[in-house]
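Containing compact mmCIF, C-alpha atoms: data13.txt.
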```txt
# COMPACT_ATOMS: atom_id res chain seq x y z
CA MET A 101 29.58 -33.58 -45.17
CA ALA A 102 31.27 -33.20 -41.79
CA ASP A 103 28.79 -30.47 -40.95
CA LEU A 104 25.90 -32.82 -41.58
CA TYR A 105 27.41 -35.48 -39.32
CA ILE A 106 27.91 -32.97 -36.52
CA PHE A 107 24.33 -31.80 -36.96
CA LEU A 108 22.99 -35.38 -36.81
CA ILE A 109 25.11 -36.21 -33.75
CA LEU A 110 23.87 -33.09 -31.98
CA LEU A 111 20.28 -33.98 -32.86
CA ALA A 112 20.71 -37.52 -31.54
CA LEU A 113 22.42 -36.30 -28.35
CA GLY A 114 19.77 -33.66 -27.81
CA PHE A 115 16.99 -36.17 -28.32
CA THR A 116 18.31 -38.98 -26.11
CA ILE A 117 19.80 -36.96 -23.26
CA GLY A 118 17.19 -34.22 -23.44
CA THR A 119 14.31 -36.67 -23.22
CA THR A 120 15.90 -38.56 -20.32
CA VAL A 121 16.60 -35.37 -18.41
CA GLU A 122 13.06 -34.14 -18.99
CA LYS A 123 11.45 -37.40 -17.88
CA ARG A 124 13.56 -37.47 -14.74
CA HIS A 125 12.69 -33.85 -14.02
CA PHE A 126 8.95 -34.49 -14.40
CA ARG A 127 9.16 -37.49 -12.06
CA SER A 128 10.97 -35.42 -9.45
CA LEU A 129 8.45 -32.57 -9.87
CA ILE A 130 5.51 -34.91 -9.26
CA ARG A 131 7.19 -36.45 -6.20
CA ARG A 132 8.09 -33.10 -4.62
CA GLU A 133 4.71 -31.58 -5.41
CA ALA A 134 3.11 -34.42 -3.47
CA GLU A 135 5.44 -33.72 -0.52
CA HIS A 136 4.47 -30.06 -0.48
CA ALA A 137 0.74 -30.65 -0.90
CA ASP A 138 -0.02 -29.37 2.62
CA LEU A 139 1.29 -25.88 1.88
CA LEU A 140 -1.45 -23.71 0.38
CA LEU A 141 -0.55 -21.34 -2.44
CA ILE A 142 -3.17 -18.66 -2.89
CA ALA A 143 -3.16 -16.14 -5.69
CA SER A 144 -5.52 -13.67 -4.00
CA LYS A 145 -4.16 -10.28 -3.10
CA LEU A 146 -5.13 -10.18 0.56
CA PRO A 147 -5.51 -12.85 3.21
CA THR A 148 -9.06 -13.37 4.42
CA PRO A 149 -9.74 -11.35 7.59
CA ASP A 150 -10.71 -14.38 9.71
CA LEU A 151 -7.19 -15.81 9.57
CA LYS A 152 -5.01 -15.20 12.60
CA ILE A 153 -1.62 -14.45 11.11
CA SER A 154 1.37 -14.24 13.40
CA GLU A 155 4.22 -13.70 10.94
CA SER A 156 4.75 -12.91 7.28
CA HIS A 157 7.80 -13.05 5.02
CA LEU A 158 8.57 -12.46 1.38
CA VAL A 159 9.56 -15.73 -0.30
CA GLY A 160 10.60 -16.55 -3.83
CA GLY A 161 12.07 -19.19 -6.08
CA ASN A 162 13.57 -19.17 -9.54
CA ALA A 163 14.64 -21.64 -12.20
CA VAL A 164 16.39 -21.31 -15.54
CA ILE A 165 15.60 -24.17 -17.89
CA SER A 166 17.09 -24.65 -21.30
CA VAL A 167 15.63 -26.41 -24.30
CA ASP A 168 17.69 -29.13 -26.02
CA TYR A 169 19.07 -29.15 -29.54
CA PHE A 170 16.50 -31.60 -30.89
CA LYS A 171 13.54 -29.63 -29.59
CA ARG A 172 14.94 -26.42 -30.92
CA PHE A 173 15.15 -28.04 -34.34
CA VAL A 174 11.60 -29.42 -34.12
CA ALA A 175 10.33 -26.02 -33.00
CA GLY A 176 12.06 -24.47 -35.99
CA LEU A 177 10.12 -26.78 -38.30
CA ARG A 178 6.90 -26.11 -36.40
CA ASN A 179 7.45 -22.41 -36.99
CA LEU A 180 6.93 -22.97 -40.70
CA VAL A 181 3.44 -24.42 -40.39
CA GLY A 182 2.28 -22.88 -37.12
CA GLY A 183 0.23 -24.55 -34.39
CA ARG A 184 0.97 -25.88 -30.94
CA MET A 185 4.61 -26.03 -29.95
CA ASN A 186 4.82 -28.98 -27.60
CA ALA A 187 8.57 -28.62 -27.32
CA TYR A 188 8.31 -25.22 -25.66
CA GLU A 189 5.14 -25.95 -23.73
CA SER A 190 6.91 -28.56 -21.63
CA LEU A 191 9.86 -26.17 -21.18
CA VAL A 192 7.81 -23.40 -19.58
CA ASP A 193 5.77 -25.91 -17.61
CA ARG A 194 8.92 -27.39 -16.07
CA ALA A 195 10.38 -23.99 -15.26
CA ARG A 196 7.18 -22.73 -13.59
CA ARG A 197 6.68 -25.82 -11.50
CA GLU A 198 10.32 -25.87 -10.44
CA ALA A 199 10.22 -22.19 -9.44
CA LEU A 200 7.03 -22.74 -7.43
CA LEU A 201 8.59 -25.72 -5.68
CA ARG A 202 11.59 -23.63 -4.64
CA LEU A 203 9.21 -20.99 -3.30
CA LYS A 204 7.46 -23.71 -1.31
CA ASP A 205 10.81 -24.97 0.03
CA GLU A 206 11.64 -21.51 1.30
CA ALA A 207 8.19 -21.04 2.81
CA LYS A 208 8.41 -24.40 4.58
CA GLN A 209 11.81 -23.53 6.03
CA LEU A 210 10.24 -20.48 7.61
CA GLY A 211 7.50 -22.65 9.07
CA ALA A 212 4.75 -21.02 7.01
CA ASP A 213 1.57 -22.81 6.06
CA MET A 214 0.11 -20.49 3.44
CA VAL A 215 1.52 -18.23 0.74
CA PHE A 216 -0.51 -15.29 -0.52
CA ASN A 217 -0.36 -13.10 -3.60
CA ILE A 218 1.72 -15.41 -5.77
CA LYS A 219 3.18 -13.66 -8.78
CA ILE A 220 4.93 -15.55 -11.54
CA GLU A 221 7.27 -13.79 -13.90
CA THR A 222 8.80 -15.26 -17.02
CA ALA A 223 11.78 -13.88 -18.90
CA SER A 224 13.58 -15.35 -21.88
CA ILE A 225 17.33 -15.39 -21.73
CA SER A 226 18.99 -14.91 -25.06
CA GLN A 227 22.10 -16.98 -25.50
CA SER A 228 23.34 -15.02 -28.46
CA ALA A 229 21.87 -12.81 -31.13
CA ASN A 230 20.78 -15.61 -33.44
CA LYS A 231 19.30 -17.94 -30.83
CA ALA A 232 16.36 -16.03 -29.48
CA LEU A 233 14.64 -18.52 -27.19
CA GLY A 234 17.44 -20.64 -25.82
CA SER A 235 16.31 -20.78 -22.24
CA ILE A 236 13.76 -19.17 -20.00
CA GLU A 237 13.83 -17.97 -16.45
CA VAL A 238 10.80 -18.12 -14.21
CA TYR A 239 10.66 -16.31 -10.91
CA ALA A 240 7.78 -16.95 -8.54
CA TYR A 241 7.26 -14.88 -5.40
CA GLY A 242 4.69 -14.31 -2.73
CA THR A 243 4.18 -13.59 0.94
CA ALA A 244 4.40 -16.62 3.23
CA VAL A 245 2.38 -16.43 6.41
CA LYS A 246 2.15 -18.43 9.61
CA THR A 247 -1.42 -18.87 10.69
CA ALA A 248 -3.18 -20.20 13.72
CA ARG A 249 -5.90 -22.21 12.04
CA GLN A 250 -8.83 -23.49 14.04
CA MET B 24 12.92 -4.71 7.91
CA GLN B 25 9.60 -6.35 7.13
CA LEU B 26 9.17 -7.19 3.45
CA SER B 27 5.92 -8.20 1.85
CA ASN B 28 4.30 -8.29 -1.54
CA LEU B 29 0.87 -7.81 -0.01
CA GLU B 30 -0.59 -4.35 0.33
CA ILE B 31 -0.71 -4.69 4.09
CA VAL B 32 1.19 -6.53 6.80
CA PRO B 33 -1.13 -8.74 8.82
CA GLY B 34 -1.33 -7.72 12.47
CA GLN B 35 0.34 -4.36 11.82
CA ARG B 36 -1.01 -0.96 11.03
CA ILE B 37 0.51 1.34 8.44
CA VAL B 38 0.97 4.70 10.12
CA LYS B 39 2.97 6.48 7.44
CA HIS B 40 3.63 6.14 3.72
CA LEU B 41 7.10 7.16 2.62
CA GLY B 42 6.78 6.68 -1.11
CA LEU B 43 8.28 4.41 -3.70
CA VAL B 44 11.65 2.77 -3.11
CA GLN B 45 13.56 0.84 -5.72
CA GLY B 46 16.72 -1.07 -6.38
CA SER B 47 18.19 -2.43 -9.56
CA THR B 48 21.25 -4.20 -10.81
CA VAL B 49 22.54 -5.10 -14.25
CA ARG B 50 24.53 -8.31 -14.43
CA ALA B 51 26.38 -10.26 -17.07
CA LYS B 52 27.71 -13.75 -16.68
CA HIS B 53 31.35 -14.53 -17.23
CA ALA B 54 32.62 -16.27 -20.33
CA GLY B 55 33.43 -19.61 -18.67
CA LYS B 56 29.92 -20.04 -17.35
CA ASP B 57 28.54 -18.88 -20.67
CA PHE B 58 30.54 -21.55 -22.45
CA LEU B 59 29.27 -24.28 -20.11
CA ALA B 60 25.73 -23.03 -20.57
CA GLY B 61 26.25 -23.28 -24.34
CA ILE B 62 27.08 -26.96 -23.95
CA LYS B 63 24.12 -27.48 -21.65
CA ASN B 64 21.99 -25.91 -24.36
CA ILE B 65 22.49 -28.99 -26.53
CA PHE B 66 21.22 -31.39 -23.89
CA GLY B 67 18.57 -29.24 -22.29
CA GLY B 68 17.81 -29.12 -18.59
CA GLU B 69 18.42 -26.64 -15.85
CA LEU B 70 21.21 -24.09 -16.16
CA MET B 71 22.29 -23.91 -12.53
CA ALA B 72 24.89 -21.21 -13.17
CA TYR B 73 22.22 -18.87 -14.50
CA THR B 74 19.74 -19.75 -11.79
CA GLU B 75 22.27 -18.81 -9.12
CA LEU B 76 23.42 -15.71 -10.94
CA LEU B 77 19.91 -14.36 -11.33
CA GLN B 78 19.03 -15.17 -7.75
CA GLU B 79 22.12 -13.36 -6.47
CA SER B 80 21.34 -10.36 -8.65
CA ARG B 81 17.78 -10.26 -7.40
CA GLU B 82 19.02 -10.29 -3.82
CA GLU B 83 21.38 -7.44 -4.66
CA ALA B 84 18.49 -5.43 -6.16
CA MET B 85 16.43 -6.11 -3.04
CA LYS B 86 19.32 -5.07 -0.81
CA ARG B 87 19.52 -1.73 -2.59
CA MET B 88 15.79 -1.26 -2.24
CA VAL B 89 16.01 -2.01 1.49
CA GLU B 90 18.90 0.44 1.89
CA GLN B 91 16.79 3.14 0.27
CA ALA B 92 13.88 2.31 2.55
CA GLU B 93 16.15 2.52 5.61
CA ALA B 94 17.44 5.88 4.45
CA VAL B 95 13.93 7.37 4.45
CA GLY B 96 13.23 5.91 7.88
CA ALA B 97 10.87 3.09 6.96
CA ASN B 98 10.60 -0.16 8.87
CA ALA B 99 8.83 -2.11 6.14
CA VAL B 100 8.39 -2.30 2.37
CA VAL B 101 5.02 -3.45 1.13
CA ASN B 102 3.62 -4.32 -2.29
CA ILE B 103 7.00 -5.40 -3.61
CA ARG B 104 7.24 -6.25 -7.32
CA PHE B 105 10.10 -7.65 -9.36
CA SER B 106 10.81 -7.16 -13.02
CA THR B 107 13.45 -8.47 -15.38
CA SER B 108 14.54 -7.00 -18.65
CA SER B 109 17.41 -7.84 -20.92
CA VAL B 110 19.43 -4.75 -21.62
CA THR B 111 21.91 -6.04 -24.16
CA MET B 112 22.95 -9.47 -25.30
CA GLY B 113 24.20 -11.47 -22.33
CA ALA B 114 23.20 -8.97 -19.66
CA ALA B 115 20.02 -8.65 -17.69
CA GLU B 116 18.58 -6.01 -15.43
CA LEU B 117 16.84 -7.11 -12.27
CA PHE B 118 14.61 -4.52 -10.72
CA ALA B 119 12.74 -4.54 -7.42
CA TYR B 120 10.37 -1.86 -6.20
CA GLY B 121 7.84 -1.30 -3.48
CA THR B 122 6.25 1.18 -1.12
CA ALA B 123 8.20 2.16 1.99
CA VAL B 124 6.01 2.46 5.05
CA VAL B 125 6.20 2.82 8.81
CA LEU B 126 4.40 0.03 10.65
CA GLU B 127 3.05 -0.10 14.14
CA PRO B 128 1.75 -3.20 15.90
CA ARG B 129 -2.04 -3.21 16.08
CA ALA B 130 -3.11 -2.82 19.65
```

Now that the file is in, can you turn its structure into structure tokens?
Amino acid sequence: MADLYIFLILLALGFTIGTTVEKRHFRSLIRREAEHADLLLIASKLPTPDLKISESHLVGGNAVISVDYFKRFVAGLRNLVGGRMNAYESLVDRARREALLRLKDEAKQLGADMVFNIKIETASISQSANKALGSIEVYAYGTAVKTARQ
Amino acid sequence: MQLSNLEIVPGQRIVKHLGLVQGSTVRAKHAGKDFLAGIKNIFGGELMAYTELLQESREEAMKRMVEQAEAVGANAVVNIRFSTSSVTMGAAELFAYGTAVVLEPRA
């Protein structure tokens, strides 16, 4: 019986705190993305030849985001029937956007105005043997350049 | 040392290729941080301890790559790539590699 209570308390905690944290994170992501809107991220391999580039630096940003207890439980149920896993979709979305924002922060500090060849890498971090997808790490990197735009 | 994940460095000319250079590091987190992360796992959200740990490890891997590039007499590493793999439970390998080159400013 005690086990069941602990399980229910964990579910409730995971749901309430997890949802609040996620909402706050999404609000902050939207706000900071608007602030960084002037920095161009370009996935192409090479800068176009007409750009006058004075400096280039390697920049990167990473984020490790963990899923909450409630979502892990819901995802476990979802695993039985298959289909879209909303719980994990928002997790990877948050981690990617956060990592890209950190990359933009670093690029801005260097005074860059464009970042080329963005690569995004995702790795899952196993907490222990039985919890496979506890949290994920996203690392985004690219080459920030200073240009003299006409 | 000029680092770039492009194949070229804008405004510079590659005069010599010195081959592949690489650096890697395998890291594990300590038990205290692991315990805190376990608690954080209930509530969700960012695991700052891991974020920092992985960033530090990546810098270490890069440092080793740069040392190797310096040893062969390069002044830049281009086309840098990173990769992460988990070796055993609780430890991760961070790997950085690229091509060491000698650059010269374009006249």

Closest pair table for chain B residues within 8 Å of chain A, all atoms listed in the file, as CSV:
```
residue,atom,partner,partner_atom,distance
B:Gln25,CA,A:His157,CA,7.3
B:Leu26,CA,A:Leu158,CA,5.7
B:Ser27,CA,A:Leu158,CA,5.0
B:Asn28,CA,A:Thr243,CA,5.9
B:Leu29,CA,A:Lys145,CA,6.4
B:Glu30,CA,A:Leu146,CA,7.4
B:Ile31,CA,A:Leu146,CA,7.9
B:Val32,CA,A:Ser156,CA,7.3
B:Pro33,CA,A:Ile153,CA,6.2
B:Gly34,CA,A:Ile153,CA,6.9
B:Gly61,CA,A:Gln227,CA,7.6
B:Lys63,CA,A:Ser166,CA,7.6
B:Asn64,CA,A:Asp168,CA,5.6
B:Ile65,CA,A:Tyr169,CA,4.6
B:Phe66,CA,A:Asp168,CA,4.7
B:Gly67,CA,A:Asp168,CA,3.8
B:Gly68,CA,A:Ser166,CA,5.3
B:Glu69,CA,A:Ile165,CA,4.3
B:Leu70,CA,A:Val164,CA,5.6
B:Met71,CA,A:Val164,CA,7.1
B:Tyr73,CA,A:Val164,CA,6.4
B:Thr74,CA,A:Val164,CA,5.3
B:Gln78,CA,A:Asn162,CA,7.0
B:Ser106,CA,A:Glu221,CA,7.6
B:Thr107,CA,A:Ala223,CA,6.7
B:Ser108,CA,A:Ala223,CA,7.4
B:Ser109,CA,A:Ile225,CA,7.6
B:Met112,CA,A:Ser228,CA,6.4
B:Gly113,CA,A:Gln227,CA,6.7
```

At a cut-off of 7 Å around the point (16.7, -2.4, -8.1) (file coordinates), what residues fall inside when counting all atoms listed in the file? I'd like the answer as a ChimeraX atom specification. /B:45-48,84-85,87-88,117-120

Find the residues with any atom within 7 Å of (6.7, -2.0, 5.6); use all atoms listed in the file and the coordinates as given in the file, and write the answer as JSON, numbers by chain. {"B": [25, 26, 97, 98, 99, 100, 101, 123, 124, 125, 126]}

d(atom CA of A:Val174, atom CA of A:Ala187) in Å: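 Computed distance, atom CA of A:Val174 to atom CA of A:Ala187, equals 7.5 Å.
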
From A:Arg197, A:Leu141, A:Leu108, A:Gly183, residue lying nearest A:Ser128 [all atoms listed in the file]: A:Arg197
